[in-house]
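Structure file work-v9.pdb (PDB, C-alpha atoms) is printed below.
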```pdb
ATOM      1  CA  MET C   1      -3.293   3.356  19.571
ATOM      2  CA  LYS C   2      -7.105   3.415  19.444
ATOM      3  CA  ASN C   3      -9.362   6.167  18.210
ATOM      4  CA  GLN C   4     -11.856   7.427  20.756
ATOM      5  CA  LYS C   5     -15.539   7.644  19.935
ATOM      6  CA  LEU C   6     -16.067  11.222  18.912
ATOM      7  CA  PRO C   7     -19.166  13.376  18.509
ATOM      8  CA  SER C   8     -20.380  13.914  14.959
ATOM      9  CA  GLY C   9     -19.948  17.255  13.298
ATOM     10  CA  THR C  10     -17.779  17.187  10.191
ATOM     11  CA  SER C  11     -19.209  17.948   6.771
ATOM     12  CA  ALA C  12     -16.561  15.947   4.893
ATOM     13  CA  SER C  13     -17.907  13.751   2.093
ATOM     14  CA  LYS C  14     -17.071  10.224   1.025
ATOM     15  CA  ILE C  15     -13.980   9.988  -1.164
ATOM     16  CA  ALA C  16     -14.700   8.876  -4.727
ATOM     17  CA  LEU C  17     -12.232   6.416  -6.271
ATOM     18  CA  CYS C  18     -11.951   5.099  -9.831
ATOM     19  CA  LEU C  19     -12.838   1.477  -9.146
ATOM     20  CA  PRO C  20     -12.496  -1.147 -10.384
ATOM     21  CA  THR C  21      -9.038  -0.274 -11.634
ATOM     22  CA  PRO C  22      -8.028  -1.308 -15.187
ATOM     23  CA  GLN C  23      -6.777  -4.845 -15.715
ATOM     24  CA  TYR C  24      -5.322  -6.041 -19.024
ATOM     25  CA  GLU C  25      -2.710  -8.233 -20.695
ATOM     26  CA  LEU C  26       0.692  -6.560 -20.800
ATOM     27  CA  GLU C  27       3.278  -8.943 -22.279
ATOM     28  CA  TYR C  28       4.623 -12.469 -22.595
ATOM     29  CA  PHE C  29       7.682 -13.374 -20.561
ATOM     30  CA  GLN C  30       9.467 -16.736 -20.675
ATOM     31  CA  GLY C  31       6.325 -18.345 -22.077
ATOM     32  CA  ASN C  32       4.064 -16.823 -19.426
ATOM     33  CA  GLY C  33       1.218 -14.384 -20.007
ATOM     34  CA  ILE C  34       1.667 -11.298 -17.818
ATOM     35  CA  PHE C  35      -1.418  -9.233 -17.009
ATOM     36  CA  ILE C  36      -1.433  -6.044 -14.963
ATOM     37  CA  LYS C  37      -3.945  -4.474 -12.586
ATOM     38  CA  ARG C  38      -3.408  -0.715 -12.473
ATOM     39  CA  ASP C  39      -3.917   0.223  -8.845
ATOM     40  CA  ASP C  40      -1.690   3.198  -9.597
ATOM     41  CA  LEU C  41      -4.876   4.546 -11.231
ATOM     42  CA  THR C  42      -7.224   4.468  -8.233
ATOM     43  CA  GLY C  43      -8.039   8.059  -9.115
ATOM     44  CA  ALA C  44      -7.334  10.194  -6.046
ATOM     45  CA  ALA C  45      -4.144  11.578  -4.486
ATOM     46  CA  LEU C  46      -2.089  10.249  -7.453
ATOM     47  CA  GLY C  47      -3.334   6.708  -6.898
ATOM     48  CA  GLY C  48      -1.828   3.540  -5.469
ATOM     49  CA  ASN C  49      -2.681   0.975  -2.836
ATOM     50  CA  LYS C  50      -2.426   3.616  -0.101
ATOM     51  CA  THR C  51      -5.339   5.438  -1.733
ATOM     52  CA  ARG C  52      -7.603   2.387  -1.442
ATOM     53  CA  LYS C  53      -6.652   2.005   2.208
ATOM     54  CA  ALA C  54      -6.857   5.661   3.201
ATOM     55  CA  ALA C  55     -10.334   6.048   1.695
ATOM     56  CA  LEU C  56     -11.769   3.587   4.234
ATOM     57  CA  PHE C  57      -9.955   5.266   7.140
ATOM     58  CA  PHE C  58     -11.330   8.654   6.108
ATOM     59  CA  GLU C  59     -14.858   7.250   5.894
ATOM     60  CA  GLU C  60     -14.489   6.152   9.522
ATOM     61  CA  ALA C  61     -12.948   9.501  10.498
ATOM     62  CA  HIS C  62     -15.975  11.214   8.950
ATOM     63  CA  ARG C  63     -18.394   8.999  10.895
ATOM     64  CA  LEU C  64     -16.533   9.812  14.121
ATOM     65  CA  GLY C  65     -16.580  13.548  13.448
ATOM     66  CA  ALA C  66     -12.818  14.029  13.241
ATOM     67  CA  THR C  67     -11.332  17.491  12.795
ATOM     68  CA  CYS C  68      -7.675  16.427  12.682
ATOM     69  CA  ILE C  69      -5.764  13.448  11.281
ATOM     70  CA  VAL C  70      -2.609  12.063  12.882
ATOM     71  CA  THR C  71      -0.417   9.440  11.207
ATOM     72  CA  TYR C  72       3.123   8.087  11.177
ATOM     73  CA  GLY C  73       5.507   7.378   8.330
ATOM     74  CA  SER C  74       8.458   8.369   6.227
ATOM     75  CA  ALA C  75       8.195  11.963   5.030
ATOM     76  CA  HIS C  76       8.585  10.706   1.445
ATOM     77  CA  SER C  77       6.114   7.819   1.767
ATOM     78  CA  ASN C  78       3.107   7.304  -0.474
ATOM     79  CA  HIS C  79       0.959   6.766   2.621
ATOM     80  CA  CYS C  80       1.730  10.190   4.068
ATOM     81  CA  ARG C  81       1.162  11.908   0.722
ATOM     82  CA  VAL C  82      -2.259  10.303   0.314
ATOM     83  CA  VAL C  83      -3.356  11.006   3.890
ATOM     84  CA  ALA C  84      -2.177  14.623   3.570
ATOM     85  CA  ASN C  85      -4.099  15.106   0.307
ATOM     86  CA  PHE C  86      -7.329  13.592   1.650
ATOM     87  CA  ALA C  87      -7.097  15.663   4.828
ATOM     88  CA  ARG C  88      -6.577  18.917   2.924
ATOM     89  CA  ALA C  89      -9.422  18.094   0.530
ATOM     90  CA  GLN C  90     -11.772  17.575   3.478
ATOM     91  CA  GLY C  91     -10.631  20.606   5.435
ATOM     92  CA  LEU C  92      -8.927  18.622   8.200
ATOM     93  CA  GLN C  93      -5.657  19.354   9.929
ATOM     94  CA  CYS C  94      -2.946  16.740   9.332
ATOM     95  CA  ILE C  95       0.001  15.902  11.556
ATOM     96  CA  VAL C  96       2.668  13.412  10.454
ATOM     97  CA  VAL C  97       5.077  11.985  13.011
ATOM     98  CA  THR C  98       8.288  10.987  11.223
ATOM     99  CA  THR C  99      11.862  10.000  11.981
ATOM    100  CA  ASP C 100      13.129  11.627   8.804
ATOM    101  CA  PRO C 101      15.171  14.828   9.108
ATOM    102  CA  GLU C 102      13.790  18.050   7.669
ATOM    103  CA  SER C 103      16.076  17.728   4.635
ATOM    104  CA  ALA C 104      14.818  14.261   3.666
ATOM    105  CA  GLY C 105      12.116  13.642   1.113
ATOM    106  CA  GLY C 106      11.424  14.250  -2.541
ATOM    107  CA  ASN C 107       8.240  14.822  -4.482
ATOM    108  CA  ASN C 108       6.070  13.165  -1.833
ATOM    109  CA  ARG C 109       7.414  15.426   0.907
ATOM    110  CA  THR C 110       6.999  18.460  -1.325
ATOM    111  CA  LEU C 111       3.367  17.484  -1.879
ATOM    112  CA  CYS C 112       2.842  16.920   1.848
ATOM    113  CA  ARG C 113       4.079  20.439   2.543
ATOM    114  CA  HIS C 114       1.778  21.788  -0.170
ATOM    115  CA  PHE C 115      -1.161  20.045   1.509
ATOM    116  CA  GLY C 116      -0.325  21.789   4.781
ATOM    117  CA  VAL C 117       1.090  18.887   6.785
ATOM    118  CA  ARG C 118       2.733  19.669  10.105
ATOM    119  CA  PHE C 119       5.677  17.284  10.505
ATOM    120  CA  VAL C 120       6.706  16.268  14.020
ATOM    121  CA  ILE C 121      10.220  14.823  13.917
ATOM    122  CA  CYS C 122      11.381  12.364  16.579
ATOM    123  CA  ALA C 123      13.850   9.535  17.190
ATOM    124  CA  GLN C 124      12.878   6.000  16.159
ATOM    125  CA  ASP C 125      12.517   4.874  19.778
ATOM    126  CA  LYS C 126      10.249   7.835  20.568
ATOM    127  CA  VAL C 127       7.585   7.272  17.898
ATOM    128  CA  LYS C 128       4.837   5.873  20.148
ATOM    129  CA  GLU C 129       5.554   8.441  22.846
ATOM    130  CA  THR C 130       5.413  11.260  20.285
ATOM    131  CA  LEU C 131       2.173   9.972  18.741
ATOM    132  CA  ASP C 132       0.536   9.730  22.178
ATOM    133  CA  ALA C 133       1.695  13.238  23.093
ATOM    134  CA  SER C 134       0.432  14.662  19.791
ATOM    135  CA  MET C 135      -2.987  13.052  20.198
ATOM    136  CA  ASP C 136      -3.277  14.208  23.823
ATOM    137  CA  ALA C 137      -2.333  17.785  22.917
ATOM    138  CA  LEU C 138      -4.981  17.863  20.205
ATOM    139  CA  TYR C 139      -7.702  16.550  22.521
ATOM    140  CA  ARG C 140      -6.787  19.165  25.138
ATOM    141  CA  ALA C 141      -7.009  21.841  22.439
ATOM    142  CA  GLY C 142     -10.553  20.738  21.616
ATOM    143  CA  GLU C 143      -9.726  18.903  18.389
ATOM    144  CA  ARG C 144     -11.309  15.585  17.470
ATOM    145  CA  ALA C 145      -8.149  13.714  16.510
ATOM    146  CA  TYR C 146      -8.272  10.519  14.453
ATOM    147  CA  PHE C 147      -5.230   8.228  14.166
ATOM    148  CA  ILE C 148      -4.348   6.363  10.970
ATOM    149  CA  PRO C 149      -1.622   3.712  11.458
ATOM    150  CA  GLY C 150       1.525   4.012   9.358
ATOM    151  CA  GLY C 151       1.100   2.550   5.894
ATOM    152  CA  GLY C 152      -2.658   2.211   6.356
ATOM    153  CA  HIS C 153      -1.992  -0.860   8.487
ATOM    154  CA  GLY C 154      -4.935  -2.481  10.264
ATOM    155  CA  PRO C 155      -8.311  -4.088   9.513
ATOM    156  CA  LEU C 156      -9.563  -1.208   7.359
ATOM    157  CA  GLY C 157      -6.462  -1.420   5.176
ATOM    158  CA  THR C 158      -6.949  -5.181   4.922
ATOM    159  CA  GLN C 159     -10.609  -4.701   3.967
ATOM    160  CA  SER C 160      -9.607  -2.521   1.028
ATOM    161  CA  TYR C 161      -7.710  -5.421  -0.541
ATOM    162  CA  ILE C 162     -10.426  -7.939   0.192
ATOM    163  CA  GLU C 163     -12.469  -5.668  -2.058
ATOM    164  CA  ALA C 164      -9.642  -5.477  -4.604
ATOM    165  CA  TYR C 165      -9.509  -9.279  -4.781
ATOM    166  CA  GLU C 166     -13.214  -9.271  -5.592
ATOM    167  CA  GLU C 167     -12.456  -6.975  -8.538
ATOM    168  CA  ILE C 168      -9.808  -9.424  -9.760
ATOM    169  CA  ARG C 169     -12.175 -12.376  -9.389
ATOM    170  CA  ALA C 170     -15.060 -10.548 -11.067
ATOM    171  CA  ALA C 171     -12.948  -9.936 -14.183
ATOM    172  CA  GLY C 172     -13.252 -13.668 -14.848
ATOM    173  CA  ILE C 173      -9.642 -14.426 -15.812
ATOM    174  CA  PRO C 174      -8.285 -17.583 -14.143
ATOM    175  CA  PHE C 175      -4.798 -16.597 -12.960
ATOM    176  CA  ASP C 176      -2.143 -18.988 -11.729
ATOM    177  CA  PHE C 177      -0.204 -16.336  -9.791
ATOM    178  CA  ILE C 178      -0.733 -12.851  -8.383
ATOM    179  CA  PHE C 179       2.503 -10.901  -7.812
ATOM    180  CA  PHE C 180       2.970  -7.526  -6.102
ATOM    181  CA  ALA C 181       5.296  -5.509  -3.880
ATOM    182  CA  SER C 182       4.795  -6.658  -0.292
ATOM    183  CA  GLY C 183       5.816  -4.421   2.607
ATOM    184  CA  THR C 184       3.782  -3.972   5.794
ATOM    185  CA  GLY C 185       1.564  -6.996   5.055
ATOM    186  CA  THR C 186      -1.887  -5.425   4.789
ATOM    187  CA  THR C 187      -2.204  -5.701   0.999
ATOM    188  CA  GLN C 188      -1.188  -9.357   1.028
ATOM    189  CA  ALA C 189      -3.475 -10.190   3.961
ATOM    190  CA  GLY C 190      -6.429  -8.585   2.194
ATOM    191  CA  LEU C 191      -5.825 -10.495  -1.029
ATOM    192  CA  MET C 192      -5.492 -13.761   0.904
ATOM    193  CA  LEU C 193      -8.705 -13.179   2.856
ATOM    194  CA  GLY C 194     -10.546 -12.136  -0.294
ATOM    195  CA  GLN C 195      -9.505 -15.383  -1.908
ATOM    196  CA  ALA C 196     -10.490 -17.438   1.150
ATOM    197  CA  MET C 197     -13.917 -15.806   1.379
ATOM    198  CA  ASN C 198     -14.681 -16.840  -2.198
ATOM    199  CA  ALA C 199     -13.759 -20.475  -1.531
ATOM    200  CA  GLU C 200     -12.611 -21.004  -5.113
ATOM    201  CA  LYS C 201     -11.843 -24.560  -6.221
ATOM    202  CA  THR C 202      -8.858 -23.370  -8.227
ATOM    203  CA  ALA C 203      -7.287 -20.151  -7.031
ATOM    204  CA  PRO C 204      -4.083 -18.290  -7.903
ATOM    205  CA  ARG C 205      -1.069 -18.429  -5.671
ATOM    206  CA  ILE C 206      -0.613 -15.047  -3.993
ATOM    207  CA  LEU C 207       3.095 -14.198  -3.979
ATOM    208  CA  GLY C 208       4.339 -11.063  -2.273
ATOM    209  CA  ILE C 209       7.743  -9.843  -3.421
ATOM    210  CA  SER C 210       9.538  -8.339  -0.434
ATOM    211  CA  ILE C 211      10.713  -4.774  -0.875
ATOM    212  CA  ALA C 212      12.259  -4.575   2.588
ATOM    213  CA  ARG C 213      11.658  -7.269   5.162
ATOM    214  CA  ASN C 214      13.139 -10.706   5.649
ATOM    215  CA  GLN C 215      10.992 -13.835   5.742
ATOM    216  CA  GLU C 216      10.447 -13.818   9.503
ATOM    217  CA  ARG C 217       9.361 -10.170   9.730
ATOM    218  CA  GLY C 218       7.361 -10.233   6.512
ATOM    219  CA  VAL C 219       5.375 -13.365   7.305
ATOM    220  CA  GLY C 220       4.879 -12.174  10.879
ATOM    221  CA  ALA C 221       3.367  -8.897   9.686
ATOM    222  CA  ILE C 222       0.999 -10.685   7.308
ATOM    223  CA  LYS C 223      -0.116 -13.082  10.076
ATOM    224  CA  GLU C 224      -0.707 -10.109  12.353
ATOM    225  CA  SER C 225      -2.896  -8.449   9.720
ATOM    226  CA  LEU C 226      -4.867 -11.657   9.125
ATOM    227  CA  GLU C 227      -5.470 -12.158  12.833
ATOM    228  CA  ALA C 228      -6.341  -8.515  13.517
ATOM    229  CA  TYR C 229      -8.933  -8.497  10.749
ATOM    230  CA  GLN C 230     -10.536 -11.701  11.906
ATOM    231  CA  ARG C 231     -10.651 -10.529  15.527
ATOM    232  CA  THR C 232     -12.635  -7.452  14.505
ATOM    233  CA  HIS C 233     -14.969  -9.352  12.160
ATOM    234  CA  HIS C 234     -16.629 -11.979  14.314
ATOM    235  CA  GLY C 235     -17.754 -14.956  12.305
ATOM    236  CA  ALA C 236     -15.419 -14.100   9.437
ATOM    237  CA  LEU C 237     -12.701 -16.597  10.398
ATOM    238  CA  GLN C 238     -11.215 -17.930   7.186
ATOM    239  CA  GLN C 239      -8.725 -20.676   6.435
ATOM    240  CA  THR C 240      -6.303 -18.964   4.075
ATOM    241  CA  ALA C 241      -3.702 -20.489   1.791
ATOM    242  CA  PRO C 242      -0.123 -20.637   3.089
ATOM    243  CA  ILE C 243       1.646 -17.272   3.190
ATOM    244  CA  GLU C 244       4.100 -16.917   0.303
ATOM    245  CA  PHE C 245       6.449 -14.021   0.968
ATOM    246  CA  ILE C 246       9.511 -14.074  -1.298
ATOM    247  CA  ASP C 247      12.554 -12.428   0.298
ATOM    248  CA  ASP C 248      15.514 -14.077  -1.449
ATOM    249  CA  LEU C 249      15.450 -12.499  -4.902
ATOM    250  CA  PHE C 250      17.620  -9.481  -4.047
ATOM    251  CA  PRO C 251      20.753  -9.355  -1.821
ATOM    252  CA  PHE C 252      19.831  -5.887  -0.525
ATOM    253  CA  GLY C 253      17.075  -4.184   1.439
ATOM    254  CA  TYR C 254      14.656  -1.291   1.338
ATOM    255  CA  GLY C 255      15.411   1.621  -0.952
ATOM    256  CA  GLN C 256      18.211  -0.242  -2.751
ATOM    257  CA  TRP C 257      18.307  -1.548  -6.309
ATOM    258  CA  ASP C 258      20.559  -2.928  -9.020
ATOM    259  CA  GLU C 259      20.934  -2.462 -12.769
ATOM    260  CA  GLY C 260      18.373  -5.195 -13.456
ATOM    261  CA  ILE C 261      15.674  -3.272 -11.596
ATOM    262  CA  LEU C 262      16.533  -0.034 -13.402
ATOM    263  CA  LYS C 263      16.515  -1.871 -16.750
ATOM    264  CA  THR C 264      13.032  -3.210 -15.975
ATOM    265  CA  MET C 265      11.852   0.261 -14.953
ATOM    266  CA  ASP C 266      13.152   1.654 -18.255
ATOM    267  CA  GLU C 267      11.673  -1.185 -20.322
ATOM    268  CA  LEU C 268       8.219  -0.828 -18.776
ATOM    269  CA  LEU C 269       8.298   2.896 -19.470
ATOM    270  CA  VAL C 270       9.558   2.681 -23.061
ATOM    271  CA  ARG C 271       7.587  -0.361 -24.217
ATOM    272  CA  HIS C 272       4.360   0.135 -22.293
ATOM    273  CA  GLY C 273       4.303   3.756 -21.116
ATOM    274  CA  LEU C 274       4.103   2.369 -17.591
ATOM    275  CA  PRO C 275       5.568   4.431 -14.713
ATOM    276  CA  THR C 276       7.202   2.391 -11.967
ATOM    277  CA  ASP C 277       9.922   3.061  -9.401
ATOM    278  CA  PRO C 278      12.979   1.126  -8.165
ATOM    279  CA  VAL C 279      11.904   1.087  -4.507
ATOM    280  CA  TYR C 280       8.552  -0.678  -4.917
ATOM    281  CA  THR C 281       6.960  -1.478  -8.258
ATOM    282  CA  ALA C 282       9.903  -1.961 -10.639
ATOM    283  CA  LYS C 283      11.630  -3.955  -7.903
ATOM    284  CA  ALA C 284       8.570  -6.186  -7.525
ATOM    285  CA  TYR C 285       8.134  -6.581 -11.295
ATOM    286  CA  GLU C 286      11.781  -7.566 -11.717
ATOM    287  CA  GLY C 287      11.354  -9.872  -8.734
ATOM    288  CA  MET C 288       8.421 -11.571 -10.469
ATOM    289  CA  ARG C 289      10.561 -12.115 -13.568
ATOM    290  CA  ARG C 290      13.436 -13.546 -11.549
ATOM    291  CA  TYR C 291      11.070 -15.839  -9.678
ATOM    292  CA  LEU C 292       9.553 -17.196 -12.896
ATOM    293  CA  ILE C 293      13.039 -17.884 -14.287
ATOM    294  CA  ARG C 294      14.369 -19.420 -11.076
ATOM    295  CA  GLU C 295      11.371 -21.711 -10.628
ATOM    296  CA  ARG C 296      11.346 -22.594 -14.350
ATOM    297  CA  ILE C 297       7.687 -21.659 -14.674
ATOM    298  CA  GLN C 298       6.208 -21.631 -18.175
ATOM    299  CA  GLY C 299       2.701 -21.514 -19.568
ATOM    300  CA  ALA C 300       1.312 -19.665 -16.549
ATOM    301  CA  ARG C 301      -1.117 -16.768 -16.478
ATOM    302  CA  CYS C 302       0.239 -14.165 -14.052
ATOM    303  CA  LEU C 303      -1.265 -10.959 -12.694
ATOM    304  CA  PHE C 304       1.030  -8.167 -11.539
ATOM    305  CA  LEU C 305      -0.695  -5.767  -9.153
ATOM    306  CA  HIS C 306       0.771  -2.296  -9.714
ATOM    307  CA  THR C 307       0.486  -0.712  -6.262
ATOM    308  CA  GLY C 308       1.429   2.802  -7.397
ATOM    309  CA  SER C 309       3.974   5.491  -6.374
ATOM    310  CA  THR C 310       3.853   7.976  -9.249
ATOM    311  CA  PRO C 311       5.848  10.676  -7.379
ATOM    312  CA  LEU C 312       8.661   8.180  -6.750
ATOM    313  CA  PHE C 313       8.768   7.486 -10.496
ATOM    314  CA  PHE C 314       9.687  11.137 -11.035
ATOM    315  CA  ASP C 315      12.085  11.115  -8.063
ATOM    316  CA  HIS C 316      14.081   8.333  -9.731
ATOM    317  CA  LEU C 317      13.643   9.174 -13.413
ATOM    318  CA  GLY C 318      17.200  10.492 -13.500
ATOM    319  CA  GLU C 319      18.494   7.011 -12.636
ATOM    320  CA  LEU C 320      17.558   5.771 -16.111
ATOM    321  CA  ARG C 321      20.173   5.837 -18.833
TER     322      ARG C 321
END
```

Give the structure from this file in structure tokens form.
Amino acid sequence: MKNQKLPSGTSASKIALCLPTPQYELEYFQGNGIFIKRDDLTGAALGGNKTRKAALFFEEAHRLGATCIVTYGSAHSNHCRVVANFARAQGLQCIVVTTDPESAGGNNRTLCRHFGVRFVICAQDKVKETLDASMDALYRAGERAYFIPGGGHGPLGTQSYIEAYEEIRAAGIPFDFIFFASGTGTTQAGLMLGQAMNAEKTAPRILGISIARNQERGVGAIKESLEAYQRTHHGALQQTAPIEFIDDLFPFGYGQWDEGILKTMDELLVRHGLPTDPVYTAKAYEGMRRYLIRERIQGARCLFLHTGSTPLFFDHLGELR
């Protein structure tokens, strides 16, 4: 779905983020130094990688004169919460197409409602049809509708993590690995392109820990993001490192966890005051630990990119014992 060129006319301002996000040494694990980059502290809409991505989409929406934002996603997703918050702050309507029933959600859905989101519920196989119908209805009503892909997917989302990689590089710490929760592929594609654009002689391996997808789907999504970005940025073709998407650390899929993940979530909270959640960040952190043990890696300098999800931390706080 493409956004039409719209007449100017909105008075919305550029969204201010707290960048660069903090980066510091957290702990030693199995002889490896673990550093953390706090993208949960991007400073707007409760932070996270979706905040970085959404900020660039809203800058484009402002340039195009949008009066209404349309997106797709789970009603309890970080993406929808961030988009809803930004839209409300800028005086824009916000419509979220979702396959979740009215009863589904948690803190993110509660926040979406508070920000005035209108949810449009549909079946999984009717998502595109429902998005098209919603956009058409808005245009007919005289609104200037702007579409943001689910999860902040697309070249603008990728660009946000090209910029994040530059922050990591500028800090001047030579990492061996960068670990993070990898889902729709945009974050990983941006980090890989940021690395390629710097043409470093020695560069960290960029390892995405799958929170949902298998190897085929995960790698495919990352390739799609790499190709889409390079198609829209003529002359920016980059030879990236091989895609490393780790999908074999957990025998279960999205939204599932085990005692090891909950133990890591609890440990990070108690020892470091660090909020994580079992769906994304604690799962990825535990995945990093399991990978280092399995591969018998020692003496490495590792960066864990905390991609956020503060509301989900509170959703799952009761899971801790």

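The residue that comes closest to Leu292 (chain C), out of C:Thr187, C:Gln30, C:Gln93, C:Thr21 and on the basis of all atoms listed in the file, is C:Gln30.
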
List every protein, DNA or RNA residue that has an atom no more than 12 Å from (0.2, -10.1, 2.4) in the file's coordinate frame, counting all atoms listed in the file, and report them as a ChimeraX atom specification. /C:153,157-158,161-162,178-195,205-210,215,217-226,240-246

To one decimal place in Å, what is the distance between CA of Cys302 (chain C) and CA of Lys37 (chain C)? 10.7 Å

Can you list, as a ChimeraX atom specification, every protein, DNA or RNA residue that comes within 9 Å of Arg321 (chain C) when you count only C-alpha atoms, leaving out same-chain residues fewer than 6 positions away? /C:262-263,266

For this structure, which residues satisfy the selection - the PyMOL selection byres ((chain C and resi 23) around 8) - when it is evaluated on the file as given? I want them as an NGL selection string. :C and (21-22 or 24-25 or 35-38)

For the residues in that selection, give me C-alpha atoms as a PDB file, in the coordinates of the input.
```
ATOM      1  CA  THR C  21      -9.038  -0.274 -11.634  1.00  0.00           C
ATOM      2  CA  PRO C  22      -8.028  -1.308 -15.187  1.00  0.00           C
ATOM      3  CA  TYR C  24      -5.322  -6.041 -19.024  1.00  0.00           C
ATOM      4  CA  GLU C  25      -2.710  -8.233 -20.695  1.00  0.00           C
ATOM      5  CA  PHE C  35      -1.418  -9.233 -17.009  1.00  0.00           C
ATOM      6  CA  ILE C  36      -1.433  -6.044 -14.963  1.00  0.00           C
ATOM      7  CA  LYS C  37      -3.945  -4.474 -12.586  1.00  0.00           C
ATOM      8  CA  ARG C  38      -3.408  -0.715 -12.473  1.00  0.00           C
TER       9      ARG C  38
END
```

Run through the PyMOL selection byres ((chain C and resi 121-127) around 9) on the given coordinates and return the selected residues as an MDAnalysis selection string. chainID C and resid 72 96:102 119:120 128:132

Can you work out the spacing between CA of His316 (chain C) and CA of Val270 (chain C) in Å, to one decimal? 15.2 Å
